file query.cif (mmCIF, C-alpha atoms)
data_target
#
loop_
_atom_site.label_atom_id
_atom_site.label_comp_id
_atom_site.auth_asym_id
_atom_site.auth_seq_id
_atom_site.Cartn_x
_atom_site.Cartn_y
_atom_site.Cartn_z
CA MET A 1074 277.47 29.37 38.08
CA ASN A 1075 274.40 31.27 39.15
CA ARG A 1076 274.19 34.80 37.81
CA PRO A 1077 272.76 37.64 39.94
CA ALA A 1078 269.41 39.20 39.21
CA LEU A 1079 270.72 42.77 39.53
CA VAL A 1080 274.31 43.72 40.14
CA THR A 1081 276.24 46.91 39.46
CA LEU A 1082 279.84 47.78 40.22
CA ILE A 1083 282.17 50.75 41.05
CA VAL A 1084 285.97 50.61 40.59
CA PHE A 1085 288.61 53.17 41.96
CA GLY A 1086 292.24 53.12 40.18
CA MET A 1087 295.19 55.72 37.94
CA THR A 1088 296.28 57.78 33.02
CA ILE A 1089 299.43 57.28 31.11
CA SER A 1090 301.22 60.38 32.21
CA LEU A 1091 303.87 61.20 34.72
CA ALA A 1092 301.16 62.44 37.05
CA CYS A 1093 302.15 59.60 39.34
CA ALA A 1094 305.65 61.02 39.81
CA LEU A 1095 307.64 60.12 42.90
CA PRO A 1096 309.08 62.20 45.69
CA GLY A 1097 312.86 61.73 46.11
CA ALA A 1098 313.83 58.15 46.96
CA VAL A 1099 316.84 55.83 47.04
CA ALA A 1100 317.33 52.63 45.05
CA GLY A 1101 316.62 49.35 46.73
CA GLY A 1102 314.29 46.41 47.20
CA ALA A 1103 314.02 43.07 48.90
CA GLY A 1104 313.95 39.56 47.62
CA GLY A 1105 313.60 35.99 48.75
CA ASP A 1106 314.12 32.44 47.53
CA GLU A 1107 311.99 30.69 50.14
CA GLU A 1108 309.40 28.05 49.36
CA PRO A 1109 306.17 29.82 48.48
CA GLU A 1110 303.82 30.70 51.29
CA VAL A 1111 300.30 30.08 50.05
CA ILE A 1112 297.13 31.33 51.71
CA SER A 1113 293.95 29.76 50.38
CA GLU A 1114 290.27 30.45 50.93
CA SER A 1115 287.83 27.83 49.72
CA ALA A 1116 284.92 28.72 47.50
CA SER A 1117 281.69 26.78 47.46
CA GLU A 1118 280.65 25.11 44.23
CA THR A 1119 278.21 27.90 43.43
CA ASP A 1120 280.84 30.55 44.25
CA GLN A 1121 283.48 29.29 41.83
CA ALA A 1122 284.10 31.68 38.95
CA GLU A 1123 284.29 29.85 35.64
CA ALA A 1124 285.72 31.60 32.61
CA PRO A 1125 283.34 31.92 29.66
CA PRO A 1126 284.00 29.35 26.91
CA SER A 1127 286.55 30.49 24.36
CA GLY A 1128 284.90 32.55 21.64
CA GLU A 1129 281.67 32.93 23.60
CA GLU A 1130 280.32 35.69 25.75
CA PRO A 1131 278.68 34.64 29.01
CA ALA A 1132 274.92 34.92 29.17
CA ALA A 1133 275.33 38.04 31.29
CA ALA A 1134 277.10 39.80 28.42
CA ASP A 1135 273.86 39.98 26.42
CA ALA A 1136 273.80 43.77 26.60
CA GLY A 1137 273.71 43.52 30.38
CA GLN A 1138 269.98 42.92 30.28
CA ASP A 1139 269.83 39.92 32.59
CA ASN A 1140 271.82 41.01 35.61
CA GLY A 1141 272.80 44.68 35.31
CA ARG A 1142 276.49 44.01 36.03
CA LYS A 1143 277.35 47.67 36.04
CA LEU A 1144 280.86 48.79 37.01
CA VAL A 1145 282.56 52.15 37.42
CA PHE A 1146 286.34 52.34 37.75
CA VAL A 1147 287.82 55.35 39.58
CA HIS A 1148 291.37 55.71 38.27
CA HIS A 1149 294.24 57.79 36.99
CA SER A 1150 297.12 56.66 34.73
CA SER A 1151 297.79 53.12 35.91
CA GLY A 1152 294.08 52.34 35.84
CA GLU A 1153 293.65 53.86 32.38
CA ASN A 1154 296.45 51.67 31.05
CA TRP A 1155 295.01 48.61 32.75
CA LEU A 1156 291.63 49.20 31.12
CA ALA A 1157 292.99 49.88 27.62
CA ASP A 1158 292.40 47.18 24.99
CA GLU A 1159 296.00 47.34 23.73
CA HIS A 1160 297.56 47.46 27.19
CA GLY A 1161 296.05 45.57 30.10
CA GLY A 1162 292.79 44.56 28.42
CA LEU A 1163 290.78 44.86 31.63
CA GLY A 1164 287.89 46.61 29.87
CA LEU A 1165 287.64 43.82 27.30
CA ALA A 1166 287.81 41.10 29.93
CA LEU A 1167 285.10 42.72 32.06
CA MET A 1168 282.94 43.14 28.96
CA ASP A 1169 283.39 39.45 28.16
CA TRP A 1170 282.19 38.61 31.67
CA GLY A 1171 279.10 40.75 31.13
CA TYR A 1172 279.99 43.90 33.04
CA PHE A 1173 278.91 47.29 31.75
CA VAL A 1174 281.99 49.38 32.57
CA SER A 1175 282.19 53.11 33.20
CA ASP A 1176 285.02 55.09 34.75
CA THR A 1177 286.15 58.38 36.25
CA ASN A 1178 289.44 60.18 35.68
CA TYR A 1179 291.19 63.48 36.39
CA ASP A 1180 288.78 66.44 36.69
CA TRP A 1181 285.78 64.15 37.20
CA GLY A 1182 283.00 64.79 39.63
CA PRO A 1183 281.95 67.24 42.32
CA ASP A 1184 284.45 69.65 43.84
CA ALA A 1185 286.03 68.56 47.10
CA SER A 1186 286.02 71.67 49.26
CA ASP A 1187 288.98 70.50 51.35
CA LEU A 1188 291.08 69.79 48.22
CA GLY A 1189 290.15 72.70 45.97
CA GLY A 1190 289.07 70.86 42.84
CA PRO A 1191 287.12 67.97 41.32
CA ILE A 1192 287.41 64.84 43.45
CA GLY A 1193 288.37 62.68 40.45
CA SER A 1194 291.80 64.32 40.45
CA TYR A 1195 292.54 62.94 43.92
CA THR A 1196 292.98 59.20 44.50
CA ASP A 1197 295.83 58.85 47.01
CA THR A 1198 295.33 56.85 50.20
CA GLY A 1199 294.49 59.92 52.28
CA HIS A 1200 291.93 61.02 49.69
CA TRP A 1201 289.71 57.98 50.27
CA TRP A 1202 288.66 59.70 53.49
CA THR A 1203 287.56 62.71 51.41
CA TRP A 1204 285.69 60.50 48.94
CA MET A 1205 283.77 58.55 51.58
CA GLN A 1206 283.86 60.43 54.87
CA GLY A 1207 284.79 64.05 54.17
CA PRO A 1208 282.52 67.12 54.13
CA ASP A 1209 281.44 66.53 50.51
CA SER A 1210 281.29 62.74 50.62
CA GLN A 1211 277.52 62.50 50.17
CA ALA A 1212 277.58 64.41 46.87
CA ILE A 1213 280.71 62.58 45.74
CA MET A 1214 279.36 59.11 46.40
CA ASP A 1215 275.96 59.96 44.91
CA ALA A 1216 277.72 61.04 41.69
CA LEU A 1217 279.89 57.94 41.66
CA ILE A 1218 277.03 55.54 42.18
CA THR A 1219 275.12 57.04 39.23
CA GLU A 1220 278.09 57.46 36.84
CA SER A 1221 277.67 55.65 33.51
CA GLU A 1222 280.03 57.46 31.11
CA GLN A 1223 283.49 56.63 29.77
CA HIS A 1224 286.46 58.86 30.62
CA ALA A 1225 289.15 56.64 29.07
CA SER A 1226 289.51 54.50 25.95
CA TYR A 1227 288.47 50.82 26.18
CA SER A 1228 285.83 48.52 24.76
CA ARG A 1229 282.58 48.07 26.63
CA LEU A 1230 279.05 46.80 26.10
CA ASP A 1231 276.91 49.02 23.90
CA GLN A 1232 273.82 49.04 26.08
CA ASP A 1233 273.65 50.61 29.53
CA PRO A 1234 271.46 48.30 31.63
CA GLY A 1235 270.42 51.23 33.82
CA GLY A 1236 270.36 51.51 37.57
CA GLU A 1237 273.08 52.37 40.06
CA ASN A 1238 276.61 51.08 40.31
CA SER A 1239 276.69 48.71 43.27
CA ILE A 1240 280.29 47.54 43.48
CA ILE A 1241 282.97 50.05 44.39
CA LEU A 1242 286.52 49.10 43.50
CA PHE A 1243 289.19 51.65 44.45
CA LYS A 1244 292.95 51.94 43.77
CA SER A 1245 295.69 54.48 44.37
CA CYS A 1246 298.74 54.86 42.12
CA PHE A 1247 302.35 53.76 42.73
CA PRO A 1248 303.56 56.85 44.68
CA ASN A 1249 301.42 55.49 47.53
CA SER A 1250 303.86 52.57 47.82
CA ALA A 1251 306.48 54.99 49.21
CA LEU A 1252 305.45 54.27 52.81
CA GLU A 1253 307.44 55.43 55.81
CA GLY A 1254 307.35 53.96 59.31
CA SER A 1255 307.80 50.29 60.14
CA PRO A 1256 306.12 47.15 58.77
CA GLN A 1257 304.45 46.16 62.04
CA ASP A 1258 303.11 49.62 62.98
CA SER A 1259 299.53 49.52 64.27
CA PRO A 1260 296.77 51.58 62.61
CA THR A 1261 296.45 55.22 63.60
CA LEU A 1262 293.11 55.53 65.36
CA GLY A 1263 291.10 58.69 65.89
CA ASP A 1264 292.25 61.92 64.23
CA ASN A 1265 294.44 60.67 61.38
CA PRO A 1266 296.93 63.24 59.97
CA LEU A 1267 296.78 61.57 56.52
CA ARG A 1268 293.08 62.41 56.00
CA GLY A 1269 292.61 64.39 52.80
CA LEU A 1270 296.36 64.52 52.05
CA ASP A 1271 298.41 63.17 49.16
CA SER A 1272 301.29 60.72 49.15
CA TYR A 1273 303.89 63.51 49.27
CA SER A 1274 302.52 65.08 52.45
CA GLY A 1275 304.99 63.51 54.87
CA GLN A 1276 302.10 61.67 56.51
CA GLN A 1277 302.20 58.61 54.17
CA THR A 1278 303.15 56.07 56.84
CA VAL A 1279 302.19 52.45 57.44
CA ALA A 1280 300.24 53.41 60.57
CA ASN A 1281 298.34 56.26 58.95
CA ALA A 1282 297.53 54.28 55.79
CA LYS A 1283 296.19 51.41 57.89
CA GLY A 1284 294.13 53.90 59.89
CA ILE A 1285 292.50 55.31 56.74
CA TYR A 1286 291.34 51.83 55.75
CA VAL A 1287 290.14 50.98 59.25
CA ASP A 1288 288.00 54.12 59.23
CA LEU A 1289 286.49 53.18 55.85
CA LEU A 1290 284.98 50.03 57.33
CA GLU A 1291 282.37 52.14 59.11
CA VAL A 1292 281.20 53.47 55.74
CA PHE A 1293 281.24 50.04 54.14
CA ALA A 1294 279.23 48.50 56.99
CA SER A 1295 276.56 51.18 56.48
CA ARG A 1296 276.18 50.17 52.80
CA PRO A 1297 275.70 46.40 52.63
CA ASP A 1298 273.96 46.99 49.28
CA LYS A 1299 277.33 47.85 47.69
CA LEU A 1300 280.40 45.68 47.17
CA PHE A 1301 283.65 47.54 47.88
CA VAL A 1302 286.86 46.08 46.41
CA ALA A 1303 290.16 47.67 47.45
CA ILE A 1304 292.88 47.31 44.81
CA THR A 1305 296.34 47.85 46.25
CA ALA A 1306 298.66 50.46 44.75
CA PRO A 1307 301.21 49.21 42.19
CA PRO A 1308 304.80 48.70 43.37
CA LEU A 1309 307.61 51.12 42.58
CA HIS A 1310 310.59 50.39 40.35
CA GLU A 1311 313.64 49.61 42.49
CA ASP A 1312 315.31 52.89 41.42
CA GLU A 1313 312.37 54.90 42.79
CA THR A 1314 312.19 53.48 46.30
CA ASN A 1315 314.45 52.10 49.02
CA PRO A 1316 314.49 48.78 50.92
CA GLU A 1317 312.64 50.21 53.91
CA GLN A 1318 309.81 51.71 51.84
CA ALA A 1319 309.57 48.54 49.76
CA ALA A 1320 309.30 46.36 52.87
CA ASN A 1321 306.66 48.70 54.29
CA ALA A 1322 304.63 48.47 51.07
CA ARG A 1323 304.78 44.68 51.17
CA ALA A 1324 303.73 44.60 54.82
CA PHE A 1325 300.89 47.09 54.34
CA ASN A 1326 299.41 45.20 51.40
CA ARG A 1327 299.68 41.87 53.20
CA TRP A 1328 297.88 43.50 56.13
CA LEU A 1329 295.06 44.53 53.79
CA VAL A 1330 294.68 40.98 52.48
CA GLU A 1331 295.26 39.05 55.70
CA GLU A 1332 294.22 41.25 58.65
CA TRP A 1333 292.15 44.27 57.68
CA LEU A 1334 288.90 42.33 57.32
CA ALA A 1335 289.56 39.66 59.96
CA ASP A 1336 286.85 40.98 62.29
CA TYR A 1337 284.61 42.57 59.66
CA PRO A 1338 281.28 40.71 59.72
CA LEU A 1339 279.97 41.30 56.18
CA ALA A 1340 280.92 40.01 52.72
CA ASN A 1341 280.64 43.38 50.97
CA VAL A 1342 284.37 44.25 51.19
CA ALA A 1343 287.25 42.50 49.42
CA VAL A 1344 290.88 43.11 48.39
CA PHE A 1345 292.86 42.45 45.21
CA ASP A 1346 296.63 42.68 45.75
CA PHE A 1347 297.61 44.36 42.48
CA TYR A 1348 300.96 45.23 44.10
CA ASN A 1349 301.78 41.60 44.79
CA VAL A 1350 300.80 40.39 41.32
CA LEU A 1351 303.23 42.91 39.81
CA THR A 1352 306.27 41.79 41.86
CA SER A 1353 307.20 38.70 39.80
CA ASN A 1354 307.50 38.20 36.05
CA GLY A 1355 308.35 35.56 33.45
CA GLY A 1356 311.92 36.73 32.88
CA SER A 1357 311.59 40.41 31.96
CA PRO A 1358 309.20 43.35 32.44
CA ASP A 1359 307.68 42.45 29.07
CA GLU A 1360 307.00 38.78 29.86
CA ASN A 1361 304.56 37.79 32.58
CA ASP A 1362 304.14 34.69 34.69
CA ALA A 1363 300.35 34.44 34.56
CA GLY A 1364 299.34 30.83 35.02
CA ALA A 1365 302.77 29.78 36.31
CA SER A 1366 303.13 27.75 39.50
CA GLY A 1367 306.04 29.94 40.61
CA GLY A 1368 306.01 33.65 41.27
CA ASN A 1369 303.71 35.91 43.25
CA HIS A 1370 299.98 35.63 42.63
CA HIS A 1371 296.54 36.59 43.93
CA ARG A 1372 294.12 34.43 41.97
CA LEU A 1373 291.39 31.82 42.00
CA VAL A 1374 292.65 28.25 41.46
CA ASP A 1375 290.23 25.31 41.47
CA GLY A 1376 287.68 27.33 43.40
CA GLU A 1377 290.14 28.55 46.06
CA ILE A 1378 291.84 31.91 46.51
CA GLU A 1379 295.59 31.44 46.17
CA TYR A 1380 297.78 34.17 47.63
CA ILE A 1381 301.54 33.70 47.11
CA PHE A 1382 303.66 36.71 48.07
CA ASP A 1383 307.22 35.64 48.91
CA GLN A 1384 308.75 34.50 45.60
CA SER A 1385 310.43 37.64 44.33
CA SER A 1386 311.22 41.23 45.34
CA ASN A 1387 309.19 43.97 46.97
CA THR A 1388 309.59 46.22 43.92
CA SER A 1389 308.01 46.22 40.48
CA ALA A 1390 308.83 43.39 38.09
CA TYR A 1391 306.98 45.20 35.27
CA ALA A 1392 308.54 48.66 35.14
CA TYR A 1393 311.63 50.38 33.80
CA SER A 1394 313.84 52.92 35.53
CA GLY A 1395 312.21 56.33 35.56
CA ASP A 1396 308.65 55.08 35.13
CA SER A 1397 306.84 52.80 37.57
CA HIS A 1398 303.72 52.47 35.42
CA PRO A 1399 303.19 48.72 34.89
CA THR A 1400 304.00 47.39 31.42
CA PRO A 1401 301.32 45.75 29.27
CA ALA A 1402 302.63 42.32 30.33
CA GLY A 1403 302.13 43.17 33.99
CA ASN A 1404 298.68 44.61 33.48
CA GLN A 1405 297.66 41.57 31.42
CA LYS A 1406 298.74 39.27 34.26
CA ALA A 1407 296.67 41.39 36.64
CA THR A 1408 293.63 41.09 34.35
CA ASP A 1409 293.99 37.31 34.15
CA GLU A 1410 294.09 37.01 37.94
CA PHE A 1411 291.65 39.74 38.92
CA VAL A 1412 288.53 39.08 36.85
CA PRO A 1413 287.84 35.51 38.06
CA LEU A 1414 288.61 36.66 41.60
CA LEU A 1415 286.13 39.51 41.21
CA GLU A 1416 283.50 36.97 40.18
CA TYR A 1417 284.21 35.00 43.35
CA TYR A 1418 283.89 38.10 45.54
CA LEU A 1419 280.68 39.06 43.74
CA GLU A 1420 279.02 35.69 44.20
CA ARG A 1421 280.14 35.49 47.83
CA TRP A 1422 278.55 38.88 48.47
CA LEU A 1423 275.31 37.97 46.70
CA ALA A 1424 275.07 34.75 48.68
CA GLU A 1425 275.22 36.59 52.02
#

call {"tool": "encode", "arguments": {"input": "query.cif", "output": "structure tokens"}}
result
Amino acid sequence: MNRPALVTLIVFGMTISLACALPGAVAGGAGGDEEPEVISESASETDQAEAPPSGEEPAAADAGQDNGRKLVFVHHSSGENWLADEHGGLGLALMDWGYFVSDTNYDWGPDASDLGGPIGSYTDTGHWWTWMQGPDSQAIMDALITESEQHASYSRLDQDPGGENSIILFKSCFPNSALEGSPQDSPTLGDNPLRGLDSYSGQQTVANAKGIYVDLLEVFASRPDKLFVAITAPPLHEDETNPEQAANARAFNRWLVEEWLADYPLANVAVFDFYNVLTSNGGSPDENDAGASGGNHHRLVDGEIEYIFDQSSNTSAYAYSGDSHPTPAGNQKATDEFVPLLEYYLERWLAE
């Protein structure tokens, strides 16, 4: 696999706390026993992401000197857990693939004048407008692109290769899966009432959430030198949602994977369906189904993207009542599926 000459990366995600608490909701969910629906996207031979040999670091992991694979993860609690060595292991896996990882967290960054505090404390769907299109977006994005510090605990490469972060990966937390409206609602165009608001605002609807992401494409198209990867919000435990919200979350995240980028002409935007990966397990919230043929997945298999989404419920398979934070087993499944897929997205972008 060819390695890039200079690549850097930005990731948006969520800290183990109850900061991701839910507004009032009713128990429920949705399931299905149908044959799996699989959506595949072929990768060229040079695009296929190959895992580094067991016990070896890839050439790129040599202190990041060869390719500057520099990544910053914008997160709160779910993202902090995902990164942690003893939880999801994402930091370790990215280090093994040669990425120099930094992150943001609560209280990070410039103040957002429309929110009244540091932008790092705000990562709901409506806040992505503030990050990238709001009145302080230039200062916010400049700070993000140059961030190289750690704001959570995880292993990373010792040496900063220097330069900007070039890949922006962003994720909201599980309260954003409490979507109102209807699954087939079209994106809100024009003045979107969700802009700058949190998931409890009453404006967290399928239409408004779609509209936020449609608007972001204008920003992404203006920055072909950056790779933007949208990570979907984790699912809610069945006791913290209802069947309608759960169905809306499923439909919204499928829309992101299958429709959002259908007419987008560049390769600098991609999606990882974290939600979907966390909706099937290996028998309990503490046992995952990574590598299994059954279950829901978003992964690279034999050089093709495999997206299976109809083999379990629309609620979390890796959470316990009262806390929708994914368990270590769920986060480890997500790490196994995400990192090779990230490599594929990266090489596809570089080849453009």

call {"tool": "resolve_selection", "arguments": {"input": "query.cif", "expression": "the PyMOL selection byres ((chain A and resi 1256-1270) around 8)", "output": "ChimeraX atom specification"}}
result
/A:1187-1188,1197-1203,1207,1254-1255,1271-1272,1274,1276-1277,1279-1285,1287,1320-1322,1324-1325

call {"tool": "closest_atom_pairs", "arguments": {"input": "query.cif", "of": "region 1351-1412 of chain A", "to": "region 1153-1169 of chain A", "cutoff": "10 Å", "atoms": "all atoms listed in the file", "output": "CSV"}}
result
residue,atom,partner,partner_atom,distance
A:His1398,CA,A:Asn1154,CA,8.5
A:Pro1399,CA,A:Asn1154,CA,8.3
A:Thr1400,CA,A:His1160,CA,7.7
A:Pro1401,CA,A:His1160,CA,4.6
A:Ala1402,CA,A:Gly1161,CA,7.3
A:Gly1403,CA,A:Gly1161,CA,7.6
A:Asn1404,CA,A:Gly1161,CA,4.4
A:Gln1405,CA,A:Gly1161,CA,4.5
A:Lys1406,CA,A:Gly1161,CA,8.0
A:Ala1407,CA,A:Gly1161,CA,7.8
A:Thr1408,CA,A:Leu1163,CA,5.5
A:Asp1409,CA,A:Ala1166,CA,8.4
A:Phe1411,CA,A:Leu1163,CA,9.0
A:Val1412,CA,A:Leu1167,CA,6.9

call {"tool": "atom_distance", "arguments": {"input": "query.cif", "atom1": "CA of Glu1410 (chain A)", "atom2": "CA of Asp1346 (chain A)"}}
result
10.0 Å

call {"tool": "atom_distance", "arguments": {"input": "query.cif", "atom1": "CA of Gly1376 (chain A)", "atom2": "CA of Glu1425 (chain A)"}}
result
17.8 Å

call {"tool": "residues_near_point", "arguments": {"input": "query.cif", "point": "(308.2, 43.4, 40.6)", "cutoff": "6 Å", "atoms": "only C-alpha atoms", "output": "short mmCIF file (atom, residue, chain, number, x, y, z; two decimals) with C-alpha atoms, in the frame of the given file"}}
result
data_model
loop_
_atom_site.label_atom_id
_atom_site.label_comp_id
_atom_site.auth_asym_id
_atom_site.auth_seq_id
_atom_site.Cartn_x
_atom_site.Cartn_y
_atom_site.Cartn_z
CA LEU A 1351 303.23 42.91 39.81
CA THR A 1352 306.27 41.79 41.86
CA SER A 1353 307.20 38.70 39.80
CA THR A 1388 309.59 46.22 43.92
CA SER A 1389 308.01 46.22 40.48
CA ALA A 1390 308.83 43.39 38.09
CA TYR A 1391 306.98 45.20 35.27
#

call {"tool": "closest_residue", "arguments": {"input": "query.cif", "among": "A:Ser1239, A:Ser1295, A:Thr1314, A:Gln1211", "to": "Ser1397 (chain A)", "atoms": "only C-alpha atoms"}}
result
A:Thr1314

call {"tool": "atom_distance", "arguments": {"input": "query.cif", "atom1": "CA of Glu1222 (chain A)", "atom2": "CA of Ser1175 (chain A)"}}
result
5.3 Å

call {"tool": "closest_residue", "arguments": {"input": "query.cif", "among": "A:Leu1300, A:Ile1218, A:Val1350, A:Leu1339", "to": "Gly1367 (chain A)", "atoms": "all atoms listed in the file"}}
result
A:Val1350
